[in-house]
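Only one structure is covered here, and it is reproduced in the block below.
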Amino acid sequence: MSAHTSADLILQGGTLITMNPAQPRAEAMAIRDGLIQAVGSQEQVMACQGPTTQVVDLAGHTLLPGFIDAHGHFSNALMVVDWANIQRPPAGPVTDIASLQQVLRDHLTAHPLATGQWMVGYGYDPDGLADGRGLDRADIDPITPDNPVMLIHNSNHGAVLNSKALELVGYDAATPDPAGGVIVRRAGSQEPAGLVMETAFIPLFVQMPKPSQEALLERFAAAQALYTCKGITTIQEGATTAADLTMLQRGASEGRLLVDVVSLPLVLEVPKLLSERFPDGHHHSLELPEAARDAFGTYHNRFKLQGIKLLLDGSPQGKTAFWSEPLLTGGPNGEANWRGQPIVPPEELNKAVATLSRQGIQLFAHCNGDAAIAMMIEAVRKAGLQADQDHRTVIIHSQFMAPGQLEEYVELGLHPSFFTVHAFFYGDVHLANLGADRCSRLSPMASAMRLGLHCSNHNDFSVTPIEPMRMVQTAMQRRSRSGTVLGEGERVSAEQALMALTLEAAWQLREETSKGSLEVGKRADLVVLDQDPTTVNPDDLNGIEVIATIKDGACVHGSF
Ligand SMILES: [Zn+2]
């Protein structure tokens with residue numbers, strides 16, 4: 001073959017899992033101009049070799065389509081990269097107070113602080129410390145005594161402050177607890193120990209100095225590296241504010257994106273976005289000018305808007321999801337007969353769904369509890385949406401589904417993005433709150449796939465760590481930290497679990513013709529793993545290493 005038509009790169013000598021049902025495995029693949037030129041037998045693909053073709057031996061490793069982040073928050077990644085990870089295993093390295101202190105010291109070396117600058121850690125979990133006690137500020141004061149330190153509790157509703165931070169916010173022995181909040185005291189005294197919760201914490205967090213747009217742009221490389229080192233080639237920003245959209249579009253236009261980022265502006269931010277960008281119009285409703293409608297669905301400098309994000313309820317582990325039946329353990333403050341509540345009144349939701357879908361805008365609705373899911377189903381029904389209209393409305397989380405709701409998804413053309421890692425991280429908490437029967441339908445992937453629904457799976461980063469292999473493992477095993485299986489009948493195969501990270505995730509973002517499988521003409525967005533996730537013992541999935549991540553034919557992480 002001549003240099004004009006020959007491949008830039010040929011990959012061979014490994015296992016190729018194509019995610020193309022018509023040709024599930026292949027021996028080799030050729031890439032030209034960032035696209036897949038050929039995929040098939042060694043002989044077929046080597047026919048694309050020319051004088052300048054680079055031929056790479058995969059050395060027995062496994063090649064897959066790059067993973068697609070079906071739901072998560074890239075804006076949070078831009079914050080977290082500058083924070084110390086003080087989570088317990090497996091999400092972080094902290095097992096006791098000494099290891100926590102070491103993490104902070106290492107973080108300080110890697111991220112030196114200016115005078116007065118705050119040091120922030122995230123994921124503090126006193127239950128994960130082997131010392132049998134929580135932190136006192138004296139444990140962290142020596143690390144950087146002249147800088148305020150805030151170690152955010154894994155509930156995101158509190159933090160441990162060092163003495164400098166307590167001094168800055170004015171909490172001392174004479175400060176009473178604010179209404180609805182707690183300043184934890186040292187035993188036998190009124191001296192603050194360090195931990196502050198709820199209304200003693202939230203105003204501090206809101207008022208903390210925010211990084212400038214320039215500082216956030218500087219973090220683009222580090223934030224994307226969190227994803228590319230896990231094999232992700234398409235990232236989601238799944239709740240975009242007006243300010244973040246401006247920042248993300250600027251980062252894209254400056255050429256800072258190595259991989260694709262898909263943004264879903266929050267419905268509540270739409271009027272603000274319209275008044276900023278279309279100052280001559282009247283934007284009291286969700287009626288979009290033509291130019292705004294046309295802004296969806298196309299990448300510019302690796303960034304695209306794909307749809308609008310609706311929020312119907314809160315989080316199940318925080319007991320703020322909206323269920324049809326009460327929790328077994330009461331509400332967050334011990335309320336009896338607690339079943340959570342919706343974030344949005346039904347009339348407002350119905351209007352938003354009808355108005356936006358009439359204009360052809362794809363909807364992504366966050367629904368955790370079955371009552372929130374029922375509200376969305378009702379809104380879609382009232383808006384007159386039909387399955388055959390290919391509207392691809394995605395119900396993000398779809399975590400606690402009631403019997404019959406999946407059949408309504410089929411009828412109306414709704415598709416779930418599941419959150420199976422909940423089975424591991426929060427499975428024991430959910431069992432206590434909801435009981436085994438309701439937990440058996442947590443993220444019911446097997447049933448949904450049997451009904452022909454397009455199912456993706458997500459980490460909702462930074463809610464849980466970016467771990468594609470844990471998504472595969474939890475979709476296959478549905479096992480909690482303590483080892484209890486939640487809904488044995490909803491377990492899926494490795495191939496099915498991988499489909500939810502590749503082709504089905506691409507479908508939900510309307511990119512199935514260009515991404516999600518190894519097929520001729522698709523983008524060469526790829527990941528090379530050191531082991532085959534379809535043959536490894538499922539218990540060992542999390543040990544699989546990413547050798548290389550490739551975006552449009554170029555290495556963005558690792559090497560061959
Ligand atoms: Zn989310």
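Ligands are numbered from 1 in the order shown, chains are lettered A, B, ... in the order of the structure tokens, and residues start at 1 in each chain.
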Please, which residues have at least one atom within 7 Å of an atom of ligand 1, using only C-alpha atoms and all ligand atoms, listed as a list in words?
His71, Gly72, His73, Gly238, Ala239 and Asp460 of chain A
In range 119-236 of chain A, DSSP helix (DSSP H, G or I) residues written as an MDAnalysis selection string
chainID A and resid 126:128 137:143 163:169 202:207 213:218 220:228
List the spatial neighbours of Leu217 in chain A as a PyMOL selection string - criterion: any atom at most 8 Å away, only C-alpha atoms, same-chain residues fewer than 4 positions off excluded.
chain A and resi 213+247+251+256
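Proximity of A:His366, A:Lys551, A:Arg339, A:Arg105 to Leu266 in chain A, computed with only C-alpha atoms, is greatest for A:His366.
Comparing A:Gln207, A:Thr233, A:Gln508, A:Asn162 by their smallest distance to Ala524 in chain A, the closest is A:Thr233 (using only C-alpha atoms).
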Polymer residues at most 12 Å from Gly334 in chain A, only C-alpha atoms, same-chain spacing of 6 or more positions, as a PyMOL selection string:
chain A and resi 319+327-328
Go ahead and write the residues just picked, C-alpha atoms, as a JSON list (two decimals), in the first residue's frame.
```json
[["chain", "number", "residue", "atom", "x", "y", "z"],
["A", 319, "LYS", "CA", -31.40, 10.15, 52.87],
["A", 327, "LEU", "CA", -37.00, 4.45, 55.13],
["A", 328, "LEU", "CA", -36.65, 1.82, 57.86]]
```
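Among the candidates A:Arg381, A:Val421, A:Asp294, A:Ser462, the residue lying nearest to Glu408 in chain A is A:Arg381 (atoms considered: only C-alpha atoms).
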Could you tell me which of A:Ala138, A:Val410, A:Ile547, A:Ile68 comes closest to Gln101 in chain A if we count only C-alpha atoms?
A:Ala138
Write out as a list in words which residues come within 9 Å of Leu11 in chain A when counting only C-alpha atoms, dropping same-chain ones fewer than 6 positions away.
Glu27, Ala28, Met29, Ala30, Ile31, Gln54, Val55, Val56, Asp57, Leu58 and Leu63 of chain A
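Minimum atom-to-atom distance to Glu511 in chain A, evaluated using only C-alpha atoms, belongs to A:Ala70 out of A:Val536, A:Ala387, A:Ala70, A:Val485.
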re CA of Thr464 in chain A and CA of Ala91 in chain A: distance 7.8 Å
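The space separating CA of Pro271 in chain A from CA of Ser253 in chain A comes to 23.8 Å.
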